[in-house]
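A.B. asks: What follows is input19.txt, made up of compact mmCIF, C-alpha atoms:
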```
# COMPACT_ATOMS: atom_id res chain seq x y z
CA MET A 1 -37.96 2.52 37.09
CA GLU A 2 -36.37 5.53 35.41
CA THR A 3 -33.26 4.83 33.33
CA THR A 4 -30.28 7.04 34.05
CA LYS A 5 -29.23 8.82 30.86
CA THR A 6 -26.21 11.07 30.34
CA ILE A 7 -25.01 11.73 26.80
CA ILE A 8 -22.43 14.46 26.19
CA ASN A 9 -22.63 16.46 22.96
CA TYR A 10 -19.35 15.00 21.72
CA THR A 11 -18.50 14.86 18.02
CA HIS A 12 -17.21 11.52 16.78
CA ARG A 13 -14.70 11.68 13.92
CA GLN A 14 -12.85 8.84 12.26
CA ALA A 15 -9.07 9.01 12.28
CA GLY A 16 -5.97 7.27 11.02
CA HIS A 17 -4.84 6.15 14.47
CA CYS A 18 -6.83 5.50 17.63
CA GLU A 19 -4.92 7.58 20.19
CA SER A 20 -4.05 10.58 18.02
CA GLY A 21 -7.64 10.59 16.75
CA ALA A 22 -9.03 10.45 20.29
CA THR A 23 -6.61 13.18 21.38
CA SER A 24 -7.55 15.46 18.49
CA ASN A 25 -11.27 14.93 19.15
CA LEU A 26 -10.86 15.68 22.86
CA PHE A 27 -9.01 18.90 22.01
CA LYS A 28 -11.79 19.92 19.64
CA PHE A 29 -14.47 19.18 22.21
CA ASN A 30 -12.68 21.46 24.66
CA GLY A 31 -12.35 24.33 22.20
CA LEU A 32 -8.99 23.83 20.46
CA GLU A 33 -9.26 23.09 16.75
CA ILE A 34 -6.29 20.83 16.08
CA SER A 35 -5.90 18.16 13.41
CA GLU A 36 -5.02 14.54 14.06
CA PRO A 37 -1.59 14.92 12.35
CA MET A 38 -0.81 17.93 14.57
CA ALA A 39 -1.76 16.00 17.73
CA PHE A 40 0.23 13.00 16.49
CA GLY A 41 3.34 15.02 15.66
CA ILE A 42 3.40 17.14 18.80
CA GLY A 43 2.64 14.07 20.93
CA ASN A 44 5.47 11.94 19.44
CA GLY A 45 3.29 9.26 17.92
CA LEU A 46 6.05 8.20 15.54
CA TYR A 47 8.28 5.55 17.08
CA PHE A 48 9.79 2.13 16.48
CA SER A 49 11.10 -0.68 18.64
CA TYR A 50 12.08 -4.25 17.86
CA ILE A 51 12.66 -6.58 20.81
CA PRO A 52 13.32 -10.06 19.34
CA PHE A 53 13.86 -11.74 22.72
CA LEU A 54 10.40 -10.64 23.92
CA LYS A 55 7.57 -12.56 22.29
CA ILE A 56 4.08 -11.11 21.73
CA GLN A 57 1.56 -13.45 20.08
CA PHE A 58 4.46 -15.95 19.80
CA ALA A 59 6.47 -13.61 17.57
CA PRO A 60 9.18 -10.98 18.23
CA MET A 61 7.82 -7.84 19.85
CA ILE A 62 7.52 -5.05 17.29
CA SER A 63 6.03 -1.65 18.03
CA PHE A 64 5.48 1.16 15.56
CA ARG A 65 3.99 3.40 18.25
CA ASN A 66 5.06 4.94 21.49
CA LEU A 67 3.84 3.64 24.84
CA PRO A 68 0.07 3.96 25.36
CA ASN A 69 -1.06 7.47 26.30
CA THR A 70 2.16 9.13 25.14
CA VAL A 71 0.42 11.16 22.41
CA PHE A 72 -2.22 12.54 24.78
CA ARG A 73 0.15 13.12 27.70
CA ARG A 74 2.94 14.82 25.75
CA SER A 75 0.71 16.92 23.49
CA THR A 76 -1.22 18.35 26.44
CA SER A 77 2.02 18.88 28.37
CA TYR A 78 3.88 20.56 25.49
CA MET A 79 0.93 22.91 24.89
CA GLY A 80 0.47 23.70 28.57
CA ILE A 81 -3.06 22.29 28.68
CA GLU A 82 -4.24 20.93 32.02
CA ALA A 83 -5.17 17.28 31.76
CA THR A 84 -5.51 14.26 34.00
CA VAL A 85 -4.11 10.79 33.39
CA VAL A 86 -4.97 7.99 35.82
CA LYS A 87 -2.45 5.28 34.97
CA LYS A 88 -3.71 2.40 37.07
CA ILE A 89 -6.88 1.66 39.05
CA LYS A 90 -6.80 -1.64 40.91
CA ASP A 91 -10.54 -2.00 41.51
CA PRO A 92 -12.69 -2.21 38.33
CA LYS A 93 -15.75 -1.01 40.24
CA GLU A 94 -13.87 2.09 41.36
CA ALA A 95 -12.69 2.68 37.78
CA MET A 96 -16.25 2.55 36.47
CA GLU A 97 -17.50 4.84 39.23
CA MET A 98 -14.77 7.33 38.33
CA LEU A 99 -15.83 7.14 34.68
CA ASP A 100 -19.49 7.65 35.63
CA ARG A 101 -18.61 10.73 37.68
CA ASN A 102 -16.79 12.24 34.72
CA LEU A 103 -19.75 11.60 32.43
CA ALA A 104 -22.13 13.15 34.96
CA GLN A 105 -19.90 16.26 34.95
CA GLY A 106 -19.91 16.42 31.13
CA ILE A 107 -16.32 15.20 30.71
CA PRO A 108 -15.70 12.84 27.76
CA THR A 109 -13.04 10.41 28.92
CA GLY A 110 -10.38 8.48 27.05
CA CYS A 111 -9.78 4.86 28.01
CA GLN A 112 -7.10 2.35 27.09
CA VAL A 113 -8.62 -1.04 26.21
CA GLY A 114 -7.82 -4.47 24.81
CA VAL A 115 -9.45 -5.26 21.48
CA PHE A 116 -9.79 -9.05 21.65
CA GLN A 117 -13.11 -8.86 23.52
CA LEU A 118 -14.29 -5.55 22.10
CA THR A 119 -17.81 -6.56 21.12
CA PHE A 120 -18.39 -4.00 18.37
CA PHE A 121 -15.15 -4.84 16.54
CA PRO A 122 -15.42 -7.11 13.48
CA PRO A 123 -14.00 -10.57 14.30
CA GLU A 124 -11.11 -10.13 11.87
CA TYR A 125 -9.95 -7.05 13.82
CA ARG A 126 -9.75 -8.83 17.16
CA MET A 127 -6.41 -9.91 18.54
CA HIS A 128 -4.65 -9.78 21.90
CA TYR A 129 -3.65 -6.14 21.54
CA ASN A 130 -4.04 -3.96 24.64
CA MET A 131 -2.93 -0.53 23.41
CA HIS A 132 -6.18 0.55 21.78
CA ASN A 133 -7.88 3.82 22.72
CA LEU A 134 -11.47 5.03 22.69
CA VAL A 135 -13.47 7.86 24.25
CA VAL A 136 -16.53 7.26 26.42
CA PHE A 137 -19.03 10.11 26.13
CA GLY A 138 -22.32 8.82 27.47
CA LYS A 139 -24.23 6.33 29.58
CA GLU A 140 -27.77 5.10 29.20
CA GLY A 141 -28.80 2.55 31.81
CA ASN A 142 -26.29 -0.30 31.49
CA MET A 143 -24.97 0.86 28.11
CA TYR A 144 -22.08 3.20 27.37
CA HIS A 145 -21.72 5.41 24.30
CA VAL A 146 -18.19 5.28 22.91
CA SER A 147 -16.28 6.98 20.13
CA ASP A 148 -13.79 4.59 18.53
CA THR A 149 -12.02 6.42 15.72
CA VAL A 150 -11.38 3.18 13.81
CA LEU A 151 -15.11 2.98 13.05
CA GLU A 152 -17.40 5.27 11.09
CA PHE A 153 -20.05 5.76 13.77
CA PRO A 154 -20.20 5.86 17.59
CA GLN A 155 -20.81 2.50 19.26
CA LEU A 156 -22.56 1.05 22.32
CA ILE A 157 -21.02 -1.32 24.85
CA THR A 158 -22.40 -2.82 28.04
CA TYR A 159 -21.03 -2.12 31.52
CA ASP A 160 -19.65 -5.67 31.84
CA ASP A 161 -18.04 -5.64 28.40
CA LEU A 162 -16.43 -2.25 29.03
CA VAL A 163 -15.00 -3.55 32.32
CA ARG A 164 -13.69 -6.61 30.48
CA VAL A 165 -11.77 -4.62 27.85
CA ARG A 166 -10.53 -2.02 30.37
CA TYR A 167 -9.04 -4.87 32.38
CA ALA A 168 -7.82 -7.11 29.58
CA LYS A 169 -4.88 -9.33 30.56
CA GLY A 170 -1.49 -9.63 28.89
CA ALA A 171 1.27 -7.33 27.66
CA PHE A 172 0.61 -3.62 28.19
CA ALA A 173 -2.56 -4.44 30.16
CA PRO A 174 -4.77 -1.30 30.40
CA GLN A 175 -5.40 -1.71 34.16
CA GLY A 176 -8.28 0.76 34.00
CA LYS A 177 -6.19 3.63 32.57
CA MET A 178 -8.24 6.73 31.74
CA TYR A 179 -7.53 10.32 30.75
CA TRP A 180 -9.27 13.61 30.04
CA ILE A 181 -8.77 17.36 29.57
CA ASN A 182 -9.64 19.19 32.77
CA HIS A 183 -11.54 22.17 31.41
CA ALA A 184 -12.41 24.17 28.32
CA ILE A 185 -9.43 25.72 26.48
CA GLU A 186 -10.39 29.39 26.41
CA ASN A 187 -7.06 31.12 25.84
CA PRO A 188 -5.30 30.98 22.46
CA VAL A 189 -2.66 28.27 22.27
CA ASP A 190 0.63 29.00 20.49
CA LEU A 191 1.42 25.74 18.73
CA LYS A 192 4.92 26.72 17.59
CA PRO A 193 6.83 25.94 20.83
CA ALA A 194 4.95 22.63 21.14
CA ILE A 195 5.78 21.72 17.53
CA ILE A 196 9.48 22.38 18.17
CA LEU A 197 9.44 20.25 21.33
CA GLY A 198 7.56 17.47 19.52
CA ILE A 199 9.97 17.39 16.57
CA LYS A 200 13.06 17.40 18.78
CA LYS A 201 11.72 14.55 20.91
CA THR A 202 10.77 12.42 17.91
CA VAL A 203 14.17 13.01 16.31
CA TYR A 204 15.86 11.93 19.54
CA GLU A 205 13.75 8.79 19.85
CA MET A 206 14.28 7.79 16.21
CA ILE A 207 18.03 8.45 15.86
CA GLY A 208 19.37 9.63 19.21
CA ILE A 209 18.70 6.80 21.65
CA PRO A 210 21.88 4.70 21.88
CA PHE A 211 20.03 1.40 22.50
CA PRO A 212 20.33 -0.54 19.21
CA LEU A 213 16.75 -1.85 19.07
CA ILE A 214 15.00 1.53 19.09
CA GLY A 215 14.25 3.86 16.18
CA VAL A 216 16.22 3.63 12.93
CA LYS A 217 18.78 1.35 14.61
CA GLY A 218 15.95 -1.04 15.47
CA LEU A 219 14.69 -0.98 11.88
CA ARG A 220 18.13 -1.96 10.64
CA TRP A 221 18.42 -4.73 13.22
CA MET A 222 15.04 -6.15 12.20
CA ALA A 223 16.02 -5.89 8.52
CA ARG A 224 19.14 -7.97 9.13
CA ASP A 225 17.16 -10.52 11.16
CA ILE A 226 14.52 -10.94 8.45
CA ARG A 227 17.15 -12.20 6.06
CA LYS A 228 18.09 -14.97 8.53
CA TRP A 229 14.60 -16.12 9.52
CA PRO A 230 13.98 -18.86 6.90
CA LYS A 231 17.28 -20.61 7.58
CA LYS A 232 17.20 -20.02 11.35
CA HIS A 233 13.53 -20.83 12.05
CA GLY A 234 12.18 -22.58 8.95
CA ASN A 235 9.79 -21.22 6.34
CA ASP A 236 6.59 -21.59 8.39
CA THR A 237 7.91 -19.67 11.39
CA ALA A 238 9.58 -17.08 9.15
CA SER A 239 6.24 -16.51 7.42
CA PHE A 240 4.49 -16.22 10.79
CA TYR A 241 7.04 -13.66 12.03
CA LEU A 242 6.73 -11.68 8.80
CA GLY A 243 2.94 -11.76 9.17
CA GLN A 244 3.32 -10.23 12.62
CA ILE A 245 5.29 -7.31 11.14
CA LEU A 246 2.60 -6.78 8.52
CA ARG A 247 -0.22 -6.88 11.09
CA MET A 248 1.53 -4.31 13.27
CA ALA A 249 2.45 -2.13 10.28
CA GLU A 250 -0.97 -2.13 8.61
CA ASP A 251 -3.75 -3.42 10.85
CA PHE A 252 -2.86 -2.59 14.45
CA GLY A 253 -1.02 0.57 15.33
CA THR A 254 -1.28 1.86 11.74
CA GLY A 255 2.46 1.92 12.08
CA GLY A 256 4.22 1.52 8.75
CA ALA A 257 3.08 3.66 5.84
CA GLY A 258 0.11 5.07 7.77
CA PHE A 259 2.20 6.69 10.49
CA ARG A 260 4.58 8.16 7.92
CA TYR A 261 1.71 9.70 5.96
CA ILE A 262 0.32 11.20 9.19
CA TYR A 263 3.74 12.51 10.24
CA GLY A 264 4.33 13.92 6.77
CA ALA A 265 1.00 15.76 7.05
CA PHE A 266 2.12 17.09 10.44
CA LEU A 267 5.37 18.41 8.98
CA LYS A 268 3.44 20.07 6.14
CA GLU A 269 1.06 21.76 8.60
CA ALA A 270 4.01 22.82 10.74
CA GLY A 271 5.84 24.20 7.72
CA GLU A 272 2.82 26.28 6.73
CA LEU A 273 2.36 27.50 10.31
CA PHE A 274 5.99 28.62 10.35
CA GLY A 275 5.36 30.78 7.27
CA GLY A 276 6.28 28.35 4.49
CA HIS A 277 9.32 26.90 6.26
CA GLN A 278 11.26 25.29 3.41
CA GLU A 279 13.10 22.61 5.41
CA LEU A 280 9.91 21.41 7.12
CA LEU A 281 8.06 21.24 3.79
CA GLU A 282 10.96 19.33 2.21
CA ALA A 283 11.03 16.92 5.17
CA SER A 284 7.29 16.40 4.73
CA ASP A 285 7.80 15.43 1.09
CA MET A 286 10.67 13.09 2.01
CA MET A 287 8.53 11.40 4.68
CA GLY A 288 5.72 10.89 2.16
CA LYS A 289 8.11 9.11 -0.19
CA THR A 290 9.31 6.94 2.69
CA ALA A 291 5.67 6.06 3.43
CA ASN A 292 5.28 4.87 -0.16
CA LYS A 293 8.25 2.54 0.31
CA TRP A 294 6.69 1.15 3.49
CA ARG A 295 3.59 0.33 1.46
CA GLU A 296 5.75 -1.43 -1.13
CA PHE A 297 7.43 -3.42 1.66
CA THR A 298 4.12 -4.59 3.16
CA TYR A 299 2.74 -5.44 -0.28
CA MET A 300 5.76 -7.62 -1.06
CA GLY A 301 5.61 -9.12 2.42
CA ALA A 302 1.93 -9.99 2.05
CA ARG A 303 2.58 -11.73 -1.26
CA ASN A 304 5.38 -13.67 0.41
CA CYS A 305 3.16 -14.78 3.31
CA LYS A 306 0.54 -16.00 0.82
CA ASN A 307 3.16 -17.90 -1.22
CA ARG A 308 2.52 -15.62 -4.19
CA ALA A 309 5.91 -13.92 -4.12
CA LYS A 310 8.02 -13.63 -7.21
CA PRO A 311 11.63 -14.87 -6.90
CA GLU A 312 12.77 -11.26 -6.50
CA GLU A 313 10.47 -10.82 -3.46
CA ASP A 314 12.27 -13.22 -1.10
CA TYR A 315 13.41 -12.48 2.45
CA GLY A 316 16.69 -11.05 1.21
CA THR A 317 14.81 -8.53 -0.92
CA LEU A 318 12.53 -7.64 1.98
CA SER A 319 15.61 -7.10 4.12
CA GLU A 320 17.16 -4.79 1.52
CA LYS A 321 13.90 -2.86 1.19
CA LEU A 322 13.72 -2.30 4.94
CA LEU A 323 17.36 -1.16 5.04
CA GLU A 324 16.56 1.30 2.24
CA ILE A 325 13.60 2.60 4.26
CA ALA A 326 15.78 2.97 7.36
CA ASN A 327 18.34 4.99 5.38
CA ASP A 328 15.64 7.25 3.93
CA GLU A 329 14.04 7.83 7.32
CA GLU A 330 17.38 8.66 8.90
CA LYS A 331 17.84 11.40 6.29
CA VAL A 332 14.49 12.91 7.30
CA TYR A 333 15.39 12.94 11.00
CA GLN A 334 18.86 14.30 10.33
CA LYS A 335 17.31 17.10 8.29
CA LEU A 336 14.87 17.89 11.11
CA LYS A 337 17.68 17.80 13.65
CA LYS A 338 19.61 20.53 11.80
CA ILE A 339 16.68 22.95 11.56
CA LYS A 340 17.16 26.22 13.42
CA PHE A 341 13.72 27.48 14.40
```
Have the structure of the file written as structure tokens, please.
C.D. replies:
Amino acid sequence: METTKTIINYTHRQAGHCESGATSNLFKFNGLEISEPMAFGIGNGLYFSYIPFLKIQFAPMISFRNLPNTVFRRSTSYMGIEATVVKKIKDPKEAMEMLDRNLAQGIPTGCQVGVFQLTFFPPEYRMHYNMHNLVVFGKEGNMYHVSDTVLEFPQLITYDDLVRVRYAKGAFAPQGKMYWINHAIENPVDLKPAIILGIKKTVYEMIGIPFPLIGVKGLRWMARDIRKWPKKHGNDTASFYLGQILRMAEDFGTGGAGFRYIYGAFLKEAGELFGGHQELLEASDMMGKTANKWREFTYMGARNCKNRAKPEEDYGTLSEKLLEIANDEEKVYQKLKKIKF
């Protein structure tokens, strides 16, 4: 019996973040050379929310990233590139048939998945996190070829295992979500209007939304809560909650320092594209310094969780550090808000 084989000539590249990496790679496949930071910045990858009354993994819900698929959807929209996003497919069989049709037509397809049962992930990477992204670019019999930008090389996954992760249960369940660019990008794309839209939207989401748990306001709220955790919940629970912040900031979502380095790189690229735009280049430098402070925060937090903290690295100090970061970030967004393009 002949084995069905369809493998698209798709180039796998590692990236700093799963969705912005997948988005950048899909753009490149379709003829638009665009870096991961540019896709991330235009697509509003930078975000923060802290919802203490909603528990994920038994700890307050913290997100350093926008809702799944935001980067792909907004970047294609802002650049006027035709793309398809299928948000929900009830029947897994139908979802896999749709994926197979795309592959047969030579269309690499992005999928949202849960990582807990992702077979090619190292065990230490697996947790109940459903906002991961990968690109499927081939099928060989019962096996699918996938590009997961977290890993150095493309991976293989079985039909059943791919169904399992595409229909993982829990918060932000993927529900078969898939997305792709409709056709080759043949006409030149002017990135400048998309960059302006992306910056304005990120500035609004980080300092403009009035809800107090979003953006810089949310950072400050979490900073004040951290100080109270040991007395309010006890040391063990406080340590567990702090560990959740560190996991979301460093391991899943890339969110703390990593996102700030990527966004700083975006601002630098944008500044160069706008002919050495001084304010954008200055904002890039400011964001890089903020990223360094995020790294200091997670380093101190990790020492605290492992009971190796010095007296000056207690929860009060962590709170002050996060408030300092929030103040520094607000200055970056205020600077961006005042730019006249």
A.B. asks: Show me, as number ranges by chain, the residues that have an atom within 6 Å of Val135 in chain A when counting all atoms listed in the file, minus same-chain residues fewer than 2 positions from it.
C.D. replies: A: 109-110, 146-147
A.B. asks: Can you tell me how far CA of Asn66 in chain A sits from CA of Val189 in chain A, in Å to one decimal?
C.D. replies: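 Pair CA of Asn66 in chain A / CA of Val189 in chain A returns 24.6 Å.
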A.B. asks: Measuring atom to atom with all atoms listed in the file, identify which of A:Tyr125, A:Phe137, A:Phe40, A:Tyr50 is nearest to Thr6 in chain A.
C.D. replies: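 Smallest distance to Thr6 in chain A is found for A:Phe137.
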A.B. asks: Using only C-alpha atoms for the distances, tell me which of A:Lys192, A:Lys93, A:Lys55, A:Lys5 is nearest to Gly275 in chain A.
C.D. replies: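 Distance minimum relative to Gly275 in chain A lands on A:Lys192.
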A.B. asks: Mind pulling up the distance from CA of Glu124 in chain A to CA of Pro230 in chain A?
C.D. replies: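 About the pair CA of Pro230 in chain A and CA of Glu124 in chain A: they are 27.0 Å apart.
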A.B. asks: Which distance in Å separates CA of Gly215 in chain A and CA of Tyr47 in chain A, to one decimal?
C.D. replies: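 So the answer is 6.3 Å.
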A.B. asks: In terms of the shortest atom-to-atom distance over all atoms listed in the file, which of A:Ile262, A:Ile81, A:Ala326, A:Val165 is closest to Ile214 in chain A?
C.D. replies: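 That would be A:Ala326, the residue with the smallest distance to Ile214 in chain A.
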A.B. asks: Find, counting all atoms listed in the file, the residue in A:Gln155, A:Ser63, A:Gln175, A:Asn133 that gets nearest to Ile89 in chain A.
C.D. replies: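 Of all the options, A:Gln175 lies closest to Ile89 in chain A.
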A.B. asks: What's the 10 Å shell around Thr4 in chain A, counting only C-alpha atoms, without same-chain residues fewer than 6 positions away, as a JSON list (two decimals) with C-alpha atoms, in the frame of the given file?
C.D. replies:
```json
[["chain", "number", "residue", "atom", "x", "y", "z"],
["A", 139, "LYS", "CA", -24.23, 6.33, 29.58],
["A", 140, "GLU", "CA", -27.77, 5.10, 29.20],
["A", 141, "GLY", "CA", -28.80, 2.55, 31.81],
["A", 142, "ASN", "CA", -26.29, -0.30, 31.49]]
```
A.B. asks: With distances taken over all atoms listed in the file, which of A:Ser284, A:Asn130, A:Thr76, A:Gln105 is nearest to Gly271 in chain A?
C.D. replies: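 Among the listed residues, the smallest separation from Gly271 in chain A belongs to A:Ser284.
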A.B. asks: Compute the distance from (2.2, 14.4, 14.8) to each atom, counting all atoms listed in the file, keep the residues with any atom at most 10 Å away, and return them as a count of residues only; use the coordinates of the file.
C.D. replies: 29
A.B. asks: Take every atom of range 279-292 of chain A listed in the file, pad by 4 Å on each side, and give me the axis-aligned box centre and edge lengths in Å, one decimal, as JSON.
C.D. replies:
```
{"center_x": 9.2, "center_y": 13.7, "center_z": 3.5, "size_x": 15.8, "size_y": 25.7, "size_z": 15.3}
```
A.B. asks: From the list A:Ala184, A:Met178, A:Leu336, A:Met79, which residue is nearest Leu280 in chain A when using only C-alpha atoms?
C.D. replies: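 Residue with the minimum atom-to-atom distance to Leu280 in chain A: A:Leu336.
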A.B. asks: Show which residues sit within 9 Å of Met127 in chain A, as an NGL selection string. Count all atoms listed in the file, and ignore same-chain residues fewer than 2 positions away.
C.D. replies: :A and (57 or 114-117 or 123-125 or 129-130)
